[in-house]
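First the structure, in the form of structure tokens, and then the observations on it.
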Amino acid sequence: MDDGPLAPAQRRLWFLDRLQPGDPAYHISTVVRLSGDLDAERLVRALDTVIARQESLRTRFVEIGGEPVQEVLAARPTLVQRADLPGEREARQAVDELIGRPFDLAAGHLIRVGLWRLGPREHVLCTVVHHIVGDGWSMNLLYRQVAEAYRGVEPAAPGMRYLDHARAAQCTDEAALAYWRETLAEPPVLELPLDRARPAARTSVGVSALREFDGDLWASVQGAARQLRCTPFMLLMTAFQVTLAQAGGQDDICVGTPVAGRDDVAAESVFGYFTRMLLLRADLSGDPTLRDLVLRTRAACLGAFAHPEIPFEQLIADLDRPRDPSRNPLFQATFTLHSTMDVSATGFDGSDGFPGVTVEPFGEGTGRTITDVAMDVFVSSTAIRQSGAGRMDVLLTCSADLFDRPTAEQLADRFAGVLHALLADVEQPVRALPLVDEVARAELLRIGTGPDLADGPPLLDRIERAVTAAPEAIALVSGDEQVSYGELWARAGGLADGLRAAGVVPGQLAGVSVPRGPDLVVALLAAWRAGAGYVPIDPQLPAQRRATLIAQAGVAAVITTGGIEPGSSGPSSAAEPAYVLFTSGSTGTPKPVLVGRAALGARVSWMAGAYQLTRADRVVQFAETSFDTHAEEIWPALASGGTLVLLPDGPQSLPEVLAADPAITVLDLPTAYWQALLDLAPAWPPALRLVILGGEQVDAAAVARWRERHGDRIRLVNTYGPTEATIIATAIDLGAADAGRRPPIGRPIGGVRAYLLDQAGRLVPRGAVGELCLAGAGLADGYPGLTTTRFQPDPYGGGRLYRTGDRARWRRDEPVLEFLGRLDRQLKVRGVRIEPGEIEAVLTGHPGVGQAAVTVHGQTLIAYVTGSAPADEIRAYAADRLPPLLVPSVVVPLAALPLTRHGKVDTAALPVPSAGGTAAFEAPRTDAEELVAGIFADLLPVEQVGANDDFFLIGGHSLLAIRVIARLRAAVSLDLPVRLLFEHPTVAGFAQAVESALIEEIDRLTEDEAAAQLAAARTGAP
């Protein structure tokens, strides 16, 4: 018995078999139907003859001293599985079982044959080998030599021993290693839009789509290749790379392609694993034509073929590629051009095959792939599936772990479209290629167009009608204060007169710098009644920031609590402005966004109808006026004659207001704040009928928790829209289905058009990721005084469109949009791009996790979570559902995620892992400090809290501040304003404030009440 080392490619397959024993992904097979007078015994003897000559077919692989070794075994009769079967269905079942049955590499004889008789003149022959001993060339060789032996012709002896090839392959080609190090530096990861989350470890099950082309297309491919001075392979590879780039929205693609590897003529008669996998990296950057790309592919091919030896294991280590069982570290797509695998064209049919027997393939193959997507192109001079002229068949197989069959069909059609375009005009730019056909284009425009809006009166007229219809009705409630519609209108009219007297004319802007409360709403309405638009300016802003906003907006005057003050020296003007809000600018300077009254009127018209607002509604006004959601709360309610419930103490007082006002019917909340409220479990008002969400992706787990308590009793609406699209642009009612999937953002609302476009402005097909672009009614006027590429002409519906910078896709199963994050929100860990939303969705699936936010610190992936689950348990849960690279290295439990003032997750405020208080620890010294420290420790994920610890530096934030006040109220019956904690954030400082408040309270109590209060303070720490 002879033995020797494994060739590098064999070693890789041996390791993968140890990693996933018996994986049929590395089984290669050929299945044919034999029609005619077949001598089965003679066929088995022919198999014995060929297998005895080919050492690889009687080799086993064992481990000696920790190293794999291959040993050649003595010849033995071929074990052929034989049976009479009633029909094709049973034959296909037998074929699938034979192909999927695991091989034991240590047992050797890694070939398996099945021969089933379907009738006197009908047989099915299936041959399966493990890839470690053979390749596609080998299977073709096997069938040709079996045919020769069947006819009595002595097959040619192997020209060399495979063991000699393996021994010669042990040396590393340093020149090849250097070439591939440079070529594959920071290799891209293929990011096709998935139908389901990537599992922790892949399987080889695939879904396939077949496209058959006649010989004319193949002749066209050959002709175009000659004109471009390249090979048909290079041209087809280019078409495949463009297909992947279009589907994934990438301009850097790596595709693996196998080459025969039989450089020595002697190897052509040897059954063995000679195939090498080469990698072709496609550069689609810039604005290339199809000719340019073909020439780039030709250059990449010439370089790769000049360095055919790729030392994968050393290369992966040198490039510091992460090990991920769910995907190949260097490439996730393969392309193979088969020109010698047609059985009927290689001496297995006709006069050179079995006398009296015809051969044709049987079944559709196994549909397996070891990459995300694989394309096999079969070219033959005689048909694989029919006799006649030459043809080209394209088989595209996608991993069933990631994709559904319609996705494979879509990719196959996309490839066909790209190939036809390339053959039609090689000079056209790649960006000019349509991504969808006319039928798909019409469908995308249809589902992307919201319903028509009915004509109605201007918004200010609608509010005036509500005033006229019921002037005594309550318009505003702010604590104990109530303002009727008549009073609101009169006060706004008086202030509007003051604005006119101050020189404000229609079309100009009036700043509104008034604290929360009825006066704020009066000021906003007054600006409109004066013909101006309003610009909210927080009165607590620093003077310099305030001056910047006034100057940038060009306000003519500013309404303050002290009266009307002068505005900018150069006031701006616009046609019927509604308001100007500021968004963050990439340069650090805030950007003004001008929204016109017509745009806002369109939105309010849709909202009033869609939310079914009436005079009976009580709507909470939660948002700051610097955030556009305020307009969704205030104006639809007033236009419908409803009542606005104001929060004079700010958003932090919402839980108390909900508990105190059972008649509240409508809430409009940032998604993150709503999810935090689920953890807090406030007293939801019995009359509550509608909750509107927006601002961030909704967690399916949060929807499930909401529905467990409320079911369908309270309508839950998810909305999406940037400030530039006037509050919202899409909406959907969330239901039971959304508790188990990524909740969508819905479809365009009335008057809105939504497109998903690639970088070149082309519509992307359903399921593909694109940039969400908005047009139609409700679009903002733009950025006054600034130039921008965000607002562009709308090539599909006329007018303008706004490029949001948000990634989204149309679901394939229903016409709704899924939000996938910002174009620039992706994280990068060790050169690999990561979508944090994918990880967050998995983490929140744990029953003990409330919310999750994922970010990167240095090169460490960190997850911040709320809920009761231990960090180790969360990591284990994620490890069971995600590839290792996506499992957070650190899980940081928080009582709640920090929020911005607008209720969004404040990623900048997430604590650095292991960070604690910044001050040296000093134990609490007084009863009041013990009380405060106990409450802090109970709410924050810290082991101890000292007298000098700052609440906000050890994980506290505005929402938790509300809970601190609530705990104090429960402990000592002391009702303190939330601002007190902001003013005195340390334990010692806040405790002193608590003591002072207690003393003031005690002064108002009887002697017995005071004694009881002091006793509670001494023992009240939870």
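Starting from 1 in every chain, residues are counted up; chains themselves are A, B, ... following the order of the structure tokens, and ligands are numbered from 1 as listed.
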
Checklist entry - Per DSSP on the backbone, what are the alpha helix (DSSP H) residues of segment 404-468 of chain A, as a PyMOL selection string? => result chain A and resi 405-424+438-447+459-468

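Near Arg431 of chain A, within 12 Å and counting only C-alpha atoms, sit Val242, Ala245, Gln246, Gly249, Asp251, Leu284, Ser285, Gly286, Asp287, Pro288, Thr289, Leu290, Val418, Ala421, Glu427, Leu435, Leu757, Asp758, Gln759, Ala760, Gly761, Arg762 and Leu763 of chain A; same-chain residues fewer than 4 positions away were not included.
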
Next on the checklist: So, with only C-alpha atoms as the atoms that count, which of A:His130, A:Ala169, A:Pro406, A:Thr449 lies closest to Arg812 of chain A?
Outcome noted: A:Pro406

Checklist entry - Between atom CA of Leu210 of chain A and atom CA of Asp376 of chain A, what is the spacing in Å? => result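 Computed distance, atom CA of Asp376 of chain A to atom CA of Leu210 of chain A, equals 9.6 Å.
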
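Minimum atom-to-atom distances from A:Glu814, A:Leu422, A:Ile559, A:Gly850 to Leu678 of chain A were compared using only C-alpha atoms, and the lowest value belongs to A:Gly850.
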
Next on the checklist: At a cut-off of 12 Å, using only C-alpha atoms, what residues contact Arg546 of chain A? Leave out same-chain residues fewer than 6 positions from it and give the result as number ranges by chain.
Outcome noted: A: 511-513, 535-540, 552-553, 555, 558, 567-568, 582, 590

Item to check | Shell of 9 Å around Val50 of chain A, only C-alpha atoms, local chain residues under 6 positions omitted, as a list in words | outcome: Leu142, Gln145, Val146, Ala149 and Pro155 of chain A

Please write the residues from the selection above to a file, keeping N, CA and C atoms, as a JSON list (two decimals), in the first residue's frame.
```json
[["chain", "number", "residue", "atom", "x", "y", "z"],
["A", 142, "LEU", "N", -13.86, 9.31, -16.75],
["A", 142, "LEU", "CA", -14.43, 8.05, -16.27],
["A", 142, "LEU", "C", -15.46, 7.51, -17.26],
["A", 145, "GLN", "N", -13.85, 6.29, -20.59],
["A", 145, "GLN", "CA", -13.12, 5.03, -20.47],
["A", 145, "GLN", "C", -14.06, 3.85, -20.16],
["A", 146, "VAL", "N", -15.14, 4.10, -19.40],
["A", 146, "VAL", "CA", -16.12, 3.03, -19.16],
["A", 146, "VAL", "C", -16.77, 2.61, -20.49],
["A", 149, "ALA", "N", -14.28, 0.46, -22.35],
["A", 149, "ALA", "CA", -14.21, -0.89, -21.77],
["A", 149, "ALA", "C", -15.47, -1.68, -22.08],
["A", 155, "PRO", "N", -8.86, 0.76, -22.29],
["A", 155, "PRO", "CA", -8.67, 2.19, -21.98],
["A", 155, "PRO", "C", -7.19, 2.51, -21.82]]
```

Next on the checklist: Using only C-alpha atoms, can you tell me which of A:Phe15, A:Leu509, A:Ala306, A:Gly448 comes closest to Gly776 of chain A?
Outcome noted: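 Among A:Phe15, A:Leu509, A:Ala306, A:Gly448, it is A:Gly448 that comes nearest to Gly776 of chain A.
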
From a DSSP calculation on the backbone, collect every residue of segment 781-935 of chain A in strand (DSSP E) and output the set as a CSV table (one decimal) with N, CA, C and O atoms, in the first residue's frame.
```csv
chain,number,residue,atom,x,y,z
A,791,PHE,N,-31.8,67.3,-3.7
A,791,PHE,CA,-33.0,67.6,-4.5
A,791,PHE,C,-32.6,67.6,-6.0
A,791,PHE,O,-31.7,68.3,-6.4
A,792,GLN,N,-33.2,66.7,-6.8
A,792,GLN,CA,-32.9,66.5,-8.2
A,792,GLN,C,-34.2,66.5,-9.0
A,792,GLN,O,-35.3,66.2,-8.4
A,793,PRO,N,-34.1,66.7,-10.3
A,793,PRO,CA,-35.3,66.5,-11.1
A,793,PRO,C,-35.8,65.0,-11.1
A,793,PRO,O,-34.9,64.1,-11.0
A,800,ARG,N,-39.6,67.5,-8.8
A,800,ARG,CA,-38.4,67.2,-8.1
A,800,ARG,C,-38.5,65.9,-7.3
A,800,ARG,O,-39.6,65.5,-6.9
A,801,LEU,N,-37.3,65.3,-7.0
A,801,LEU,CA,-37.3,64.2,-6.0
A,801,LEU,C,-36.2,64.5,-5.0
A,801,LEU,O,-35.3,65.3,-5.3
A,802,TYR,N,-36.3,63.9,-3.9
A,802,TYR,CA,-35.3,64.0,-2.8
A,802,TYR,C,-34.6,62.7,-2.5
A,802,TYR,O,-35.3,61.7,-2.3
A,803,ARG,N,-33.3,62.7,-2.6
A,803,ARG,CA,-32.5,61.5,-2.3
A,803,ARG,C,-32.3,61.5,-0.8
A,803,ARG,O,-31.5,62.3,-0.3
A,804,THR,N,-32.9,60.5,-0.1
A,804,THR,CA,-32.9,60.5,1.4
A,804,THR,C,-31.5,60.0,1.9
A,804,THR,O,-31.2,60.3,3.1
A,805,GLY,N,-30.8,59.2,1.2
A,805,GLY,CA,-29.6,58.6,1.8
A,805,GLY,C,-29.9,57.4,2.6
A,805,GLY,O,-29.0,56.8,3.2
A,806,ASP,N,-31.1,57.0,2.6
A,806,ASP,CA,-31.5,55.8,3.3
A,806,ASP,C,-31.6,54.6,2.4
A,806,ASP,O,-32.0,54.7,1.3
A,807,ARG,N,-31.2,53.5,2.9
A,807,ARG,CA,-31.3,52.2,2.2
A,807,ARG,C,-32.6,51.5,2.5
A,807,ARG,O,-33.0,51.4,3.6
A,808,ALA,N,-33.2,51.0,1.4
A,808,ALA,CA,-34.5,50.3,1.6
A,808,ALA,C,-34.7,49.3,0.5
A,808,ALA,O,-33.9,49.2,-0.5
A,809,ARG,N,-35.7,48.4,0.6
A,809,ARG,CA,-36.0,47.5,-0.5
A,809,ARG,C,-37.5,47.2,-0.4
A,809,ARG,O,-38.1,47.3,0.6
A,810,TRP,N,-38.1,46.9,-1.6
A,810,TRP,CA,-39.4,46.4,-1.7
A,810,TRP,C,-39.4,45.0,-1.3
A,810,TRP,O,-38.6,44.2,-1.9
A,817,LEU,N,-42.3,48.6,1.8
A,817,LEU,CA,-40.9,48.9,1.9
A,817,LEU,C,-40.3,48.5,3.3
A,817,LEU,O,-41.0,48.6,4.3
A,818,GLU,N,-39.1,48.0,3.2
A,818,GLU,CA,-38.3,47.7,4.4
A,818,GLU,C,-37.2,48.7,4.5
A,818,GLU,O,-36.4,48.9,3.5
A,819,PHE,N,-37.0,49.3,5.7
A,819,PHE,CA,-36.0,50.2,5.9
A,819,PHE,C,-34.7,49.5,6.4
A,819,PHE,O,-34.8,48.6,7.3
A,820,LEU,N,-33.6,49.7,5.8
A,820,LEU,CA,-32.4,49.0,6.0
A,820,LEU,C,-31.2,49.8,6.6
A,820,LEU,O,-30.1,49.4,6.6
A,821,GLY,N,-31.5,51.1,7.0
A,821,GLY,CA,-30.5,51.9,7.5
A,821,GLY,C,-29.9,52.9,6.6
A,821,GLY,O,-30.3,53.0,5.4
A,822,ARG,N,-29.0,53.7,7.0
A,822,ARG,CA,-28.3,54.7,6.2
A,822,ARG,C,-27.4,54.1,5.3
A,822,ARG,O,-26.8,53.0,5.5
A,827,LEU,N,-21.0,49.4,9.6
A,827,LEU,CA,-19.8,49.3,10.4
A,827,LEU,C,-18.8,48.5,9.6
A,827,LEU,O,-19.1,47.7,8.7
A,828,LYS,N,-17.5,48.6,10.0
A,828,LYS,CA,-16.5,47.8,9.4
A,828,LYS,C,-15.6,47.2,10.5
A,828,LYS,O,-15.0,48.0,11.3
A,829,VAL,N,-15.5,45.9,10.5
A,829,VAL,CA,-14.6,45.2,11.4
A,829,VAL,C,-13.7,44.4,10.6
A,829,VAL,O,-14.1,43.5,9.9
A,832,VAL,N,-14.4,44.0,7.0
A,832,VAL,CA,-15.6,43.5,6.6
A,832,VAL,C,-16.8,44.4,7.0
A,832,VAL,O,-16.9,44.8,8.1
A,833,ARG,N,-17.6,44.7,6.0
A,833,ARG,CA,-18.8,45.6,6.3
A,833,ARG,C,-19.8,44.8,7.1
A,833,ARG,O,-20.2,43.7,6.7
A,834,ILE,N,-20.4,45.5,8.1
A,834,ILE,CA,-21.4,44.8,8.9
A,834,ILE,C,-22.6,45.8,9.0
A,834,ILE,O,-22.5,47.0,9.2
A,849,VAL,N,-34.4,40.3,26.2
A,849,VAL,CA,-33.8,41.6,25.7
A,849,VAL,C,-34.9,42.5,25.3
A,849,VAL,O,-35.8,42.1,24.5
A,850,GLY,N,-34.8,43.7,25.7
A,850,GLY,CA,-35.8,44.7,25.3
A,850,GLY,C,-35.4,45.4,24.0
A,850,GLY,O,-36.0,45.3,23.0
A,851,GLN,N,-34.3,46.2,24.1
A,851,GLN,CA,-33.8,46.9,23.0
A,851,GLN,C,-32.3,46.6,22.8
A,851,GLN,O,-31.7,46.1,23.7
A,852,ALA,N,-31.8,46.9,21.6
A,852,ALA,CA,-30.4,46.7,21.4
A,852,ALA,C,-29.9,47.7,20.4
A,852,ALA,O,-30.6,48.2,19.5
A,853,ALA,N,-28.6,48.1,20.6
A,853,ALA,CA,-27.9,49.0,19.7
A,853,ALA,C,-26.5,48.4,19.6
A,853,ALA,O,-25.8,48.1,20.6
A,854,VAL,N,-26.1,48.3,18.3
A,854,VAL,CA,-24.8,47.7,18.0
A,854,VAL,C,-23.8,48.7,17.4
A,854,VAL,O,-24.2,49.5,16.5
A,855,THR,N,-22.6,48.8,17.9
A,855,THR,CA,-21.6,49.7,17.3
A,855,THR,C,-20.3,49.1,17.4
A,855,THR,O,-20.1,47.9,17.9
A,856,VAL,N,-19.2,49.8,17.0
A,856,VAL,CA,-17.9,49.3,17.0
A,856,VAL,C,-17.0,50.3,17.8
A,856,VAL,O,-17.1,51.5,17.6
A,857,HIS,N,-16.2,49.8,18.7
A,857,HIS,CA,-15.2,50.6,19.4
A,857,HIS,C,-13.8,50.0,19.1
A,857,HIS,O,-13.5,48.9,19.5
A,860,THR,N,-13.6,46.2,18.0
A,860,THR,CA,-14.5,45.4,18.8
A,860,THR,C,-15.9,45.7,18.6
A,860,THR,O,-16.4,46.8,18.7
A,861,LEU,N,-16.7,44.6,18.3
A,861,LEU,CA,-18.1,44.8,18.0
A,861,LEU,C,-18.8,44.7,19.4
A,861,LEU,O,-18.7,43.8,20.2
A,862,ILE,N,-19.6,45.8,19.7
A,862,ILE,CA,-20.2,45.9,21.0
A,862,ILE,C,-21.7,46.0,20.8
A,862,ILE,O,-22.2,46.7,20.0
A,863,ALA,N,-22.4,45.3,21.7
A,863,ALA,CA,-23.9,45.4,21.8
A,863,ALA,C,-24.3,46.0,23.1
A,863,ALA,O,-23.9,45.5,24.1
A,864,TYR,N,-25.2,47.0,23.0
A,864,TYR,CA,-25.8,47.6,24.2
A,864,TYR,C,-27.2,47.1,24.3
A,864,TYR,O,-28.0,47.3,23.3
A,865,VAL,N,-27.6,46.5,25.4
A,865,VAL,CA,-29.0,45.9,25.4
A,865,VAL,C,-29.7,46.3,26.7
A,865,VAL,O,-29.0,46.6,27.7
A,866,THR,N,-31.0,46.3,26.6
A,866,THR,CA,-31.8,46.5,27.8
A,866,THR,C,-32.5,45.2,28.1
A,866,THR,O,-32.6,44.3,27.2
A,867,GLY,N,-33.0,45.0,29.3
A,867,GLY,CA,-33.7,43.8,29.6
A,867,GLY,C,-33.1,43.1,30.8
A,867,GLY,O,-32.1,43.5,31.4
A,890,VAL,N,-18.5,42.1,23.0
A,890,VAL,CA,-18.9,42.6,24.4
A,890,VAL,C,-20.4,42.9,24.3
A,890,VAL,O,-20.9,43.5,23.4
A,891,VAL,N,-21.1,42.5,25.4
A,891,VAL,CA,-22.5,42.8,25.6
A,891,VAL,C,-22.6,43.7,26.8
A,891,VAL,O,-22.1,43.3,27.9
A,892,VAL,N,-23.1,44.9,26.7
A,892,VAL,CA,-23.1,45.9,27.8
A,892,VAL,C,-24.6,46.0,28.2
A,892,VAL,O,-25.4,46.6,27.4
A,893,PRO,N,-25.0,45.5,29.3
A,893,PRO,CA,-26.4,45.7,29.8
A,893,PRO,C,-26.6,47.2,30.2
A,893,PRO,O,-25.8,47.7,30.9
```

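Using only C-alpha atoms, the protein and nucleic acid residues lying no more than 8 Å from segment 701-703 of chain A, apart from those fewer than 3 places from it along its own chain, are Gln675, Leu678, Val698, Trp706, Arg707, Leu734, Asp738, Ala739, Gly740, Thr844, Gly845, Pro847 and Gly850 of chain A.
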
Checklist outcome for this item: From atom CA of Glu696 of chain A to atom CA of Ala599 of chain A the spacing works out at 23.0 Å

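Residues in contact range of Ala660 of chain A, defined as at most 12 Å between only C-alpha atoms, with sequence neighbours fewer than 5 positions away removed, read Gly479, Asp480, Val645, Ser653, Leu654, Pro655, Pro682, Ala683, Trp684, Pro685 and Pro686 of chain A.
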
Item to check | Neighbour list for Ala729 of chain A as a list in words, cut-off 6 Å, only C-alpha atoms, skip fewer than 6 positions in-chain | outcome: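 My list of contacting residues is Tyr720, Gly721, Pro748 and Ile749 of chain A.
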
Keeping only N, CA and C atoms, write the selected residues to a file as a PDB file, in the first residue's frame.
```pdb
ATOM      1  N   TYR A 720     -42.543  56.567   8.268  1.00  0.00           N
ATOM      2  CA  TYR A 720     -41.164  56.908   7.881  1.00  0.00           C
ATOM      3  C   TYR A 720     -41.202  58.213   7.111  1.00  0.00           C
ATOM      4  N   GLY A 721     -40.203  59.045   7.329  1.00  0.00           N
ATOM      5  CA  GLY A 721     -40.061  60.235   6.508  1.00  0.00           C
ATOM      6  C   GLY A 721     -39.011  61.174   7.055  1.00  0.00           C
ATOM      7  N   PRO A 748     -46.095  54.428   0.140  1.00  0.00           N
ATOM      8  CA  PRO A 748     -46.258  55.885   0.103  1.00  0.00           C
ATOM      9  C   PRO A 748     -47.669  56.309   0.513  1.00  0.00           C
ATOM     10  N   ILE A 749     -47.749  57.377   1.284  1.00  0.00           N
ATOM     11  CA  ILE A 749     -49.038  57.923   1.688  1.00  0.00           C
ATOM     12  C   ILE A 749     -49.578  58.809   0.565  1.00  0.00           C
TER      13      ILE A 749
END
```

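Residue nearest Ile64 of chain A within the list A:Gly486, A:Arg811, A:Thr127, A:Ala106: A:Ala106 [criterion: smallest interatomic distance, only C-alpha atoms].
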
Checklist entry - Distance atom CA of Gln81 of chain A-atom CA of Leu19 of chain A, one decimal place? => result 28.7 Å
